[in-house]
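Working notes, structure below.
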Amino acid sequence: MIATLRQRNFFLLWFAGLISYTGNWMLGVARPIIVYQMTGSTIATGGIVLASTLPSILLSSFAGVFVDRWERKRTMVIVNLLLGLSLIPLTFVRSADQLWLFYVVTFVQATLVQFFAPAENAMLPLLVDERHLVSANALNSLNNNLARLIGPAIGGILLSAAGLSAVVLVDSATYWIAAVLILLISVTSRPTPIPTADPGSVSKLARDWRAGLRVIQTDPLLKLLFACAAIMALGEGAVGVLFVPFVTDVLRGEATFLGWLMSAQAVGGLIGGAVIGWIGPRSTPLRLFIAGALIFGTIDLIIFNFTASAPGLALLLFVIVGIPTVALGTGYDTLIQLRTVDAYRGRVFGAIQTVMALFAIIGTGIASVLGEVIGAWPTINLQGSNYVMVGLLMLFALRVGWVAARPVSAAPD
């Protein structure tokens, strides 16, 4: 991990992410508090979730087409600058009458992120040697969890001491600092262009988009990974709806205990980032993904079924589960990066975002209904069961030769 961080270009991207993610979590804790205080409505608060999710469904796949056309470093710099600028209208929110600004800003920010995330994932293999790619993805997970640990605390303190405007301005500054750091990266990251007679036409956009889908359709491993993304997202959507009812009704925990569990997740993610960053180069991305999915799903099932009378055990398991969480995420991202040629990575990662957002919403709907019919406790097991299913599916695919190693996917004809 130290060797990976010593690579200047990767460190600049990693540190930029740490700063901007910290700002995200600062505003992430302040935003629902302000909305709920102004309205007293869970529906109004839920609207923020909808505004942040819709762009992933509507735009991610098509955003990947542009990511594969544009210079990726420049894309990330411009997006960070716009993200910081787009937050400024929130400083004018004073009452519920101006609450619509929250929805507009959230939607705009989520739209901009659809261009940033695929560009970052596509550019990462250009910043480190292939032997360091697993460590680089693990380190990215580590800085996300570090930001998750410190951002909400800073955001809560700043909100109480100086109000929403202070949180917004600090968050904007984190985006602009990140833009400067990314600008200092010395690697050229423009994908290899695909010859075309009319690069600006609408029909060319459609052809580029379909070409990205064909990359997935012609590679058995990529198809399986997309199916896994859908299955995992269903479970994540379910736990998003039922986690609070599970904590309050099954574990009999108060708001303070809920906060401890969220902190435990962040601590587990930090430990997982360090552990996987160390052992990752000694394994393969596919093994990391399979082992991570099986162990994560098993621990989840233990948490949801055997900790009702032992909340302390639940807290401990929330820390431990951070290791397989990072393993499966790191293995998954690395497999996509290695399996896809640079010219198509933006489209592939954009399509993944679309699939995961869509199936997360489906999972949310299923869990909302089943949670009322059969209760939160049995329904929340959908998450752990789905991850175990993903691990078993990949083991079966490996056994029958569906995911046999071969060179990264070539551009389709």
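Residue numbering restarts at 1 in every chain; chains get A, B, ... in the order shown in the structure tokens, and ligands count up from 1 in that same order.
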(request) Write out as number ranges by chain all residues of stretch 71-189 of chain A that backbone DSSP assigns to alpha helix (DSSP H). (result) A: 72-86, 100-127, 133-162, 164-183
(message) Restricting the calculation to only C-alpha atoms: of A:Leu221, A:Ile352, A:Ala147, A:Val369, which residue gets closest to A:Leu335?
(response)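 Smallest separation from A:Leu335 among the options: A:Leu221.
Using only C-alpha atoms for every distance, the candidate list A:Asn137, A:Thr4, A:Thr188, A:Thr53 yields A:Thr188 as the residue closest to A:Arg72.
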Please report as a tab-separated table every residue of stretch 90-200 of chain A lying within 9 Å of stretch 16-32 of chain A, along with the nearest atom pair and their distance in Å (one decimal), using only C-alpha atoms.
residue	atom	partner	partner_atom	distance
A:Phe102	CA	A:Arg31	CA	8.1
A:Asn140	CA	A:Gly17	CA	7.8
A:Asn143	CA	A:Leu18	CA	5.3
A:Asn144	CA	A:Tyr21	CA	6.4
A:Leu146	CA	A:Leu18	CA	7.6
A:Ala147	CA	A:Thr22	CA	4.3
A:Arg148	CA	A:Trp25	CA	6.0
A:Leu149	CA	A:Thr22	CA	8.6
A:Ile150	CA	A:Thr22	CA	6.9
A:Gly151	CA	A:Thr22	CA	4.6
A:Pro152	CA	A:Met26	CA	4.8
A:Ala153	CA	A:Met26	CA	7.4
A:Ile154	CA	A:Met26	CA	6.2
A:Gly155	CA	A:Met26	CA	3.9
A:Gly156	CA	A:Ala30	CA	6.5
A:Leu158	CA	A:Met26	CA	8.5
A:Leu159	CA	A:Ala30	CA	6.6
A:Leu164	CA	A:Ala30	CA	7.2
A:Val167	CA	A:Leu27	CA	6.3
A:Val168	CA	A:Leu27	CA	6.8
A:Val170	CA	A:Gly23	CA	7.0
A:Asp171	CA	A:Gly23	CA	4.4
A:Ser172	CA	A:Gly23	CA	7.7
A:Ala173	CA	A:Gly23	CA	8.4
A:Thr174	CA	A:Ser20	CA	4.9
A:Tyr175	CA	A:Ser20	CA	5.3
A:Trp176	CA	A:Ser20	CA	8.5
A:Ile177	CA	A:Ala16	CA	7.2
A:Ala178	CA	A:Ala16	CA	4.2
A:Ala179	CA	A:Ala16	CA	7.4
A:Val180	CA	A:Ala16	CA	8.4
A:Leu181	CA	A:Ala16	CA	5.9
A:Ile182	CA	A:Ala16	CA	6.7
Generate the output file for the selected residues, N, CA, C and O atoms, as a short mmCIF file (atom, residue, chain, number, x, y, z; two decimals), in the first residue's frame.
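And here is the file that came out, again-v2.cif:
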data_model
loop_
_atom_site.label_atom_id
_atom_site.label_comp_id
_atom_site.auth_asym_id
_atom_site.auth_seq_id
_atom_site.Cartn_x
_atom_site.Cartn_y
_atom_site.Cartn_z
N PHE A 102 -33.00 22.66 -2.40
CA PHE A 102 -32.33 21.42 -2.00
C PHE A 102 -32.51 20.34 -3.07
O PHE A 102 -31.56 19.64 -3.42
N ASN A 140 -8.68 3.42 -2.25
CA ASN A 140 -9.84 4.28 -2.52
C ASN A 140 -10.98 3.98 -1.55
O ASN A 140 -11.67 4.89 -1.08
N ASN A 143 -10.07 5.55 1.86
CA ASN A 143 -10.29 7.00 2.05
C ASN A 143 -11.78 7.34 2.07
O ASN A 143 -12.19 8.28 2.76
N ASN A 144 -12.61 6.56 1.39
CA ASN A 144 -14.06 6.77 1.48
C ASN A 144 -14.54 6.56 2.92
O ASN A 144 -15.35 7.32 3.44
N LEU A 146 -12.64 6.63 5.67
CA LEU A 146 -12.05 7.64 6.55
C LEU A 146 -12.87 8.92 6.50
O LEU A 146 -13.15 9.54 7.53
N ALA A 147 -13.28 9.32 5.29
CA ALA A 147 -14.13 10.50 5.15
C ALA A 147 -15.48 10.28 5.82
O ALA A 147 -16.03 11.20 6.45
N ARG A 148 -15.99 9.06 5.72
CA ARG A 148 -17.27 8.73 6.35
C ARG A 148 -17.19 8.81 7.87
O ARG A 148 -18.17 9.14 8.56
N LEU A 149 -16.00 8.54 8.42
CA LEU A 149 -15.82 8.57 9.86
C LEU A 149 -15.71 9.99 10.39
O LEU A 149 -16.29 10.33 11.42
N ILE A 150 -14.98 10.86 9.66
CA ILE A 150 -14.72 12.20 10.19
C ILE A 150 -15.67 13.26 9.64
O ILE A 150 -15.94 14.26 10.30
N GLY A 151 -16.21 13.05 8.42
CA GLY A 151 -17.06 14.05 7.80
C GLY A 151 -18.33 14.37 8.58
O GLY A 151 -18.63 15.54 8.84
N PRO A 152 -19.13 13.34 8.96
CA PRO A 152 -20.36 13.63 9.69
C PRO A 152 -20.12 14.37 11.01
O PRO A 152 -20.90 15.25 11.39
N ALA A 153 -19.04 14.02 11.72
CA ALA A 153 -18.75 14.69 12.98
C ALA A 153 -18.45 16.17 12.74
O ALA A 153 -18.98 17.06 13.43
N ILE A 154 -17.62 16.46 11.74
CA ILE A 154 -17.30 17.85 11.42
C ILE A 154 -18.55 18.59 10.97
O ILE A 154 -18.81 19.73 11.37
N GLY A 155 -19.34 17.93 10.11
CA GLY A 155 -20.56 18.55 9.60
C GLY A 155 -21.54 18.89 10.70
O GLY A 155 -22.15 19.96 10.72
N GLY A 156 -21.72 17.95 11.65
CA GLY A 156 -22.63 18.20 12.76
C GLY A 156 -22.19 19.35 13.63
O GLY A 156 -23.00 20.20 14.02
N LEU A 158 -20.14 21.84 12.75
CA LEU A 158 -20.18 23.08 11.98
C LEU A 158 -21.62 23.57 11.81
O LEU A 158 -21.89 24.78 11.89
N LEU A 159 -22.56 22.63 11.61
CA LEU A 159 -23.96 23.01 11.47
C LEU A 159 -24.49 23.65 12.76
O LEU A 159 -25.19 24.67 12.72
N LEU A 164 -26.12 26.22 8.24
CA LEU A 164 -26.03 25.51 6.97
C LEU A 164 -25.06 26.17 6.00
O LEU A 164 -24.30 25.48 5.31
N VAL A 167 -21.49 25.03 6.37
CA VAL A 167 -21.28 23.67 5.88
C VAL A 167 -21.18 23.68 4.36
O VAL A 167 -20.31 23.03 3.77
N VAL A 168 -22.08 24.43 3.71
CA VAL A 168 -22.11 24.48 2.24
C VAL A 168 -20.80 25.07 1.70
O VAL A 168 -20.21 24.54 0.76
N VAL A 170 -17.82 25.27 3.10
CA VAL A 170 -16.68 24.38 3.32
C VAL A 170 -16.73 23.21 2.34
O VAL A 170 -15.70 22.81 1.77
N ASP A 171 -17.92 22.66 2.11
CA ASP A 171 -18.05 21.57 1.15
C ASP A 171 -17.65 22.03 -0.25
O ASP A 171 -16.96 21.31 -0.98
N SER A 172 -18.08 23.23 -0.65
CA SER A 172 -17.67 23.78 -1.95
C SER A 172 -16.16 23.88 -2.05
O SER A 172 -15.56 23.52 -3.07
N ALA A 173 -15.54 24.34 -0.97
CA ALA A 173 -14.08 24.49 -0.98
C ALA A 173 -13.38 23.15 -1.14
O ALA A 173 -12.33 23.06 -1.82
N THR A 174 -13.94 22.07 -0.56
CA THR A 174 -13.30 20.76 -0.71
C THR A 174 -13.31 20.31 -2.17
O THR A 174 -12.35 19.69 -2.64
N TYR A 175 -14.38 20.62 -2.91
CA TYR A 175 -14.42 20.28 -4.34
C TYR A 175 -13.36 21.05 -5.11
O TYR A 175 -12.69 20.50 -6.00
N TRP A 176 -13.20 22.33 -4.80
CA TRP A 176 -12.25 23.15 -5.54
C TRP A 176 -10.81 22.76 -5.23
O TRP A 176 -9.94 22.77 -6.11
N ILE A 177 -10.54 22.39 -3.97
CA ILE A 177 -9.20 21.89 -3.62
C ILE A 177 -8.93 20.59 -4.37
O ILE A 177 -7.84 20.37 -4.91
N ALA A 178 -9.92 19.70 -4.43
CA ALA A 178 -9.77 18.44 -5.15
C ALA A 178 -9.50 18.69 -6.63
O ALA A 178 -8.69 17.99 -7.25
N ALA A 179 -10.16 19.70 -7.21
CA ALA A 179 -9.94 20.02 -8.62
C ALA A 179 -8.48 20.41 -8.87
O ALA A 179 -7.87 20.00 -9.87
N VAL A 180 -7.91 21.20 -7.97
CA VAL A 180 -6.51 21.62 -8.12
C VAL A 180 -5.58 20.42 -8.02
O VAL A 180 -4.63 20.28 -8.81
N LEU A 181 -5.84 19.53 -7.07
CA LEU A 181 -4.99 18.34 -6.92
C LEU A 181 -5.04 17.46 -8.16
O LEU A 181 -4.01 16.95 -8.62
N ILE A 182 -6.22 17.25 -8.71
CA ILE A 182 -6.35 16.43 -9.92
C ILE A 182 -5.66 17.10 -11.10
O ILE A 182 -5.06 16.44 -11.95
#
(message) Please determine, counting only C-alpha atoms, which residue among A:Val319, A:Ala161, A:Ile303, A:Leu338 has the shortest atom-to-atom distance to A:Phe246.
(response)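 Looking at the shortest contact to A:Phe246, the residue is A:Ile303.
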So that each row is one residue of stretch 194-287 of chain A with an atom at most 10 Å from stretch 354-361 of chain A, can you give its shortest atom pair and the distance in Å to one decimal, using only C-alpha atoms, rows by chain and rising number, as a tab-separated table?
residue	atom	partner	partner_atom	distance
A:Phe226	CA	A:Val355	CA	7.5
A:Ala227	CA	A:Val355	CA	8.9
A:Cys228	CA	A:Met356	CA	9.6
A:Ala229	CA	A:Met356	CA	5.9
A:Ala230	CA	A:Phe359	CA	5.6
A:Ile231	CA	A:Phe359	CA	7.7
A:Met232	CA	A:Met356	CA	7.9
A:Ala233	CA	A:Ala360	CA	4.7
A:Leu234	CA	A:Ala360	CA	5.0
A:Gly235	CA	A:Ala360	CA	7.4
A:Glu236	CA	A:Ala360	CA	6.2
A:Gly237	CA	A:Ala360	CA	4.2
A:Ala238	CA	A:Ala360	CA	7.6
A:Val239	CA	A:Ala360	CA	9.7
A:Gly240	CA	A:Ala360	CA	8.9
Only N, CA, C and O atoms, please: the residues just picked out, written as a JSON list (two decimals), in the first residue's frame.
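Once written, result-v7.json looks like this:
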[["chain", "number", "residue", "atom", "x", "y", "z"],
["A", 226, "PHE", "N", -22.35, -7.95, -14.26],
["A", 226, "PHE", "CA", -23.53, -7.07, -14.30],
["A", 226, "PHE", "C", -24.71, -7.74, -13.61],
["A", 226, "PHE", "O", -25.49, -7.08, -12.90],
["A", 227, "ALA", "N", -24.87, -9.04, -13.79],
["A", 227, "ALA", "CA", -25.92, -9.75, -13.08],
["A", 227, "ALA", "C", -25.69, -9.69, -11.58],
["A", 227, "ALA", "O", -26.63, -9.48, -10.79],
["A", 228, "CYS", "N", -24.44, -9.82, -11.17],
["A", 228, "CYS", "CA", -24.09, -9.71, -9.74],
["A", 228, "CYS", "C", -24.42, -8.32, -9.21],
["A", 228, "CYS", "O", -24.91, -8.17, -8.08],
["A", 229, "ALA", "N", -24.14, -7.29, -10.02],
["A", 229, "ALA", "CA", -24.45, -5.92, -9.58],
["A", 229, "ALA", "C", -25.94, -5.76, -9.32],
["A", 229, "ALA", "O", -26.34, -5.13, -8.33],
["A", 230, "ALA", "N", -26.78, -6.34, -10.19],
["A", 230, "ALA", "CA", -28.23, -6.24, -10.01],
["A", 230, "ALA", "C", -28.67, -6.95, -8.73],
["A", 230, "ALA", "O", -29.48, -6.44, -7.95],
["A", 231, "ILE", "N", -28.13, -8.15, -8.50],
["A", 231, "ILE", "CA", -28.51, -8.93, -7.32],
["A", 231, "ILE", "C", -28.08, -8.21, -6.05],
["A", 231, "ILE", "O", -28.84, -8.11, -5.07],
["A", 232, "MET", "N", -26.84, -7.69, -6.03],
["A", 232, "MET", "CA", -26.35, -6.99, -4.85],
["A", 232, "MET", "C", -27.15, -5.72, -4.59],
["A", 232, "MET", "O", -27.45, -5.38, -3.44],
["A", 233, "ALA", "N", -27.49, -5.00, -5.65],
["A", 233, "ALA", "CA", -28.24, -3.75, -5.49],
["A", 233, "ALA", "C", -29.63, -3.99, -4.93],
["A", 233, "ALA", "O", -30.14, -3.17, -4.16],
["A", 234, "LEU", "N", -30.27, -5.11, -5.30],
["A", 234, "LEU", "CA", -31.57, -5.45, -4.71],
["A", 234, "LEU", "C", -31.46, -5.54, -3.18],
["A", 234, "LEU", "O", -32.30, -5.01, -2.44],
["A", 235, "GLY", "N", -30.42, -6.22, -2.72],
["A", 235, "GLY", "CA", -30.22, -6.36, -1.28],
["A", 235, "GLY", "C", -29.91, -5.03, -0.61],
["A", 235, "GLY", "O", -30.39, -4.74, 0.49],
["A", 236, "GLU", "N", -29.10, -4.21, -1.27],
["A", 236, "GLU", "CA", -28.76, -2.91, -0.70],
["A", 236, "GLU", "C", -29.99, -2.01, -0.60],
["A", 236, "GLU", "O", -30.15, -1.26, 0.37],
["A", 237, "GLY", "N", -30.85, -2.08, -1.61],
["A", 237, "GLY", "CA", -32.08, -1.30, -1.56],
["A", 237, "GLY", "C", -32.96, -1.73, -0.40],
["A", 237, "GLY", "O", -33.57, -0.90, 0.29],
["A", 238, "ALA", "N", -33.00, -3.04, -0.14],
["A", 238, "ALA", "CA", -33.80, -3.55, 0.97],
["A", 238, "ALA", "C", -33.27, -3.09, 2.31],
["A", 238, "ALA", "O", -34.03, -2.64, 3.18],
["A", 239, "VAL", "N", -31.96, -3.19, 2.50],
["A", 239, "VAL", "CA", -31.40, -2.81, 3.79],
["A", 239, "VAL", "C", -31.49, -1.31, 4.01],
["A", 239, "VAL", "O", -31.59, -0.83, 5.16],
["A", 240, "GLY", "N", -31.49, -0.52, 2.93],
["A", 240, "GLY", "CA", -31.65, 0.92, 3.08],
["A", 240, "GLY", "C", -32.98, 1.30, 3.69],
["A", 240, "GLY", "O", -33.09, 2.25, 4.47]]
